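Asker: Please read through the structure below; I'll follow up with questions.
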Amino acid sequence: MKIDGACHCGEIRFEAEIDPRRVVICHCTDCQAMSGAPYRVNVPVRAEDFTLTGEPKRYVKPGSSGAAIMTTFCGTCGSPIYSQQAGDERYLNVRLGGVTQRAQLAPQLQGLCDSAMPWSFDIRDVPIARRKA
């Protein structure tokens, strides 16, 4: 499936060819802290199937496996773009929040669930806020 997207301010843009069956929710503590949310949704992409316009900022830190993970984000608005294992340029994980087609990309798998917020698996009973007209 062909996808495209951008950071919030539009300074960074991308296109990719993905397999929608590989969309994954990550519950690791790094994804929680860096997204400001209880989990992050990613889709893996072969680097050869990814094009980027603009120059993202990069941040490298050891992941839970001990391998260095490079995370990219827009230096202007801070939107996360993708991450990849440092030294392995074959694949990257695109952050679903910036993907135009994100509503069509339902997660197919969850990972690192030991770090998950216990309430994150079922929020059906949380009331929906209604905007006043």
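Chain labels follow the order of the structure tokens: the first chain is A, the next B, and so on; residue numbering restarts at 1 in every chain, and ligands are counted from 1 in their shown order.
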Which residues in chain A does DSSP call helix (DSSP H, G or I)? List them as an NGL selection string.
Answerer: :A and (20-22 or 29-35 or 47-49 or 96-98 or 102-104 or 113-115)
Asker: Output N, CA, C and O atoms for every residue in that selection, as a CSV table (one decimal), in the first residue's frame.
Answerer:
```
chain,number,residue,atom,x,y,z
A,20,PRO,N,0.2,-3.2,5.0
A,20,PRO,CA,-0.7,-2.8,6.1
A,20,PRO,C,-0.9,-3.9,7.2
A,20,PRO,O,-1.4,-3.7,8.3
A,21,ARG,N,-0.5,-5.2,6.8
A,21,ARG,CA,-0.6,-6.3,7.8
A,21,ARG,C,0.5,-6.2,8.9
A,21,ARG,O,0.5,-7.0,9.8
A,22,ARG,N,1.4,-5.3,8.8
A,22,ARG,CA,2.5,-5.2,9.7
A,22,ARG,C,2.5,-4.0,10.7
A,22,ARG,O,3.4,-3.7,11.3
A,29,THR,N,8.5,1.5,27.2
A,29,THR,CA,8.6,2.8,27.9
A,29,THR,C,9.2,3.9,27.1
A,29,THR,O,8.8,5.1,27.3
A,30,ASP,N,10.1,3.6,26.2
A,30,ASP,CA,10.6,4.7,25.3
A,30,ASP,C,9.5,5.2,24.4
A,30,ASP,O,9.4,6.5,24.3
A,31,CYS,N,8.7,4.4,23.8
A,31,CYS,CA,7.6,4.9,23.0
A,31,CYS,C,6.6,5.7,23.8
A,31,CYS,O,6.1,6.7,23.4
A,32,GLN,N,6.3,5.3,25.1
A,32,GLN,CA,5.5,6.1,25.9
A,32,GLN,C,6.0,7.4,26.2
A,32,GLN,O,5.4,8.5,26.0
A,33,ALA,N,7.3,7.5,26.6
A,33,ALA,CA,7.9,8.8,27.0
A,33,ALA,C,8.1,9.7,25.8
A,33,ALA,O,7.8,10.9,25.8
A,34,MET,N,8.5,9.1,24.6
A,34,MET,CA,8.8,10.0,23.5
A,34,MET,C,7.5,10.4,22.7
A,34,MET,O,7.5,11.4,22.0
A,35,SER,N,6.4,9.7,22.9
A,35,SER,CA,5.2,10.1,22.2
A,35,SER,C,4.3,10.9,23.1
A,35,SER,O,3.3,11.5,22.6
A,47,ALA,N,13.8,0.5,3.8
A,47,ALA,CA,14.4,1.8,3.5
A,47,ALA,C,14.3,2.2,2.0
A,47,ALA,O,14.1,3.3,1.6
A,48,GLU,N,14.5,1.2,1.1
A,48,GLU,CA,14.4,1.4,-0.3
A,48,GLU,C,13.0,1.8,-0.8
A,48,GLU,O,12.8,2.3,-1.9
A,49,ASP,N,12.0,1.6,0.1
A,49,ASP,CA,10.6,1.9,-0.3
A,49,ASP,C,10.2,3.2,0.4
A,49,ASP,O,9.0,3.5,0.6
A,96,LEU,N,2.9,6.3,12.8
A,96,LEU,CA,1.6,6.4,12.2
A,96,LEU,C,0.9,7.7,12.3
A,96,LEU,O,0.1,8.1,11.4
A,97,GLY,N,1.2,8.5,13.3
A,97,GLY,CA,0.6,9.8,13.5
A,97,GLY,C,0.7,10.7,12.4
A,97,GLY,O,-0.2,11.5,12.2
A,98,GLY,N,1.8,10.7,11.6
A,98,GLY,CA,2.0,11.6,10.5
A,98,GLY,C,1.5,11.1,9.2
A,98,GLY,O,1.6,11.8,8.2
A,102,ARG,N,-3.7,7.0,8.0
A,102,ARG,CA,-3.6,6.3,9.3
A,102,ARG,C,-5.0,5.7,9.6
A,102,ARG,O,-5.0,4.6,10.3
A,103,ALA,N,-6.1,6.3,9.3
A,103,ALA,CA,-7.4,5.7,9.6
A,103,ALA,C,-7.6,4.3,8.9
A,103,ALA,O,-8.4,3.5,9.4
A,104,GLN,N,-6.9,4.1,7.9
A,104,GLN,CA,-7.0,2.8,7.1
A,104,GLN,C,-6.1,1.7,7.6
A,104,GLN,O,-6.1,0.6,7.1
A,113,CYS,N,4.3,-5.6,25.7
A,113,CYS,CA,3.1,-5.4,26.5
A,113,CYS,C,3.4,-5.5,28.0
A,113,CYS,O,2.5,-5.0,28.8
A,114,ASP,N,4.5,-6.0,28.4
A,114,ASP,CA,4.9,-5.9,29.9
A,114,ASP,C,5.0,-4.5,30.4
A,114,ASP,O,4.8,-4.3,31.6
A,115,SER,N,5.3,-3.6,29.5
A,115,SER,CA,5.4,-2.2,29.9
A,115,SER,C,4.1,-1.4,29.7
A,115,SER,O,4.0,-0.2,30.0
```
Asker: Tell me, as an NGL selection string, which residues lie within 12 Å of Ser65 (chain A), counting only C-alpha atoms; anything in the same chain fewer than 2 positions away does not count.
Answerer: :A and (28 or 30 or 61-63 or 67-69 or 85 or 112)
Asker: Given the choices A:His8, A:Arg131, A:Arg124, A:Arg90, which gets closest to Gly75 (chain A) if the distance is worked out from only C-alpha atoms?
Answerer: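 Closest to Gly75 (chain A), using only C-alpha atoms: A:His8.
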Asker: In terms of the shortest atom-to-atom distance over only C-alpha atoms, which of A:Cys9, A:Val43, A:Ala116, A:Ala86 is closest to Val99 (chain A)?
Answerer: A:Val43
Asker: Rank nothing, just name the residue among A:Phe14, A:Pro38, A:Thr100, A:Met1 nearest to Trp119 (chain A), using only C-alpha atoms.
Answerer: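 With only C-alpha atoms as the atom set, the closest residue is A:Pro38.
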Asker: Distance CA of Ala6 (chain A)-CA of Cys26 (chain A), one decimal place?
Answerer: 20.7 Å
Asker: Quote the spacing between CA of Phe50 (chain A) and CA of Gly10 (chain A) in Å to one decimal place.
Answerer: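 A separation of 17.1 Å between them.
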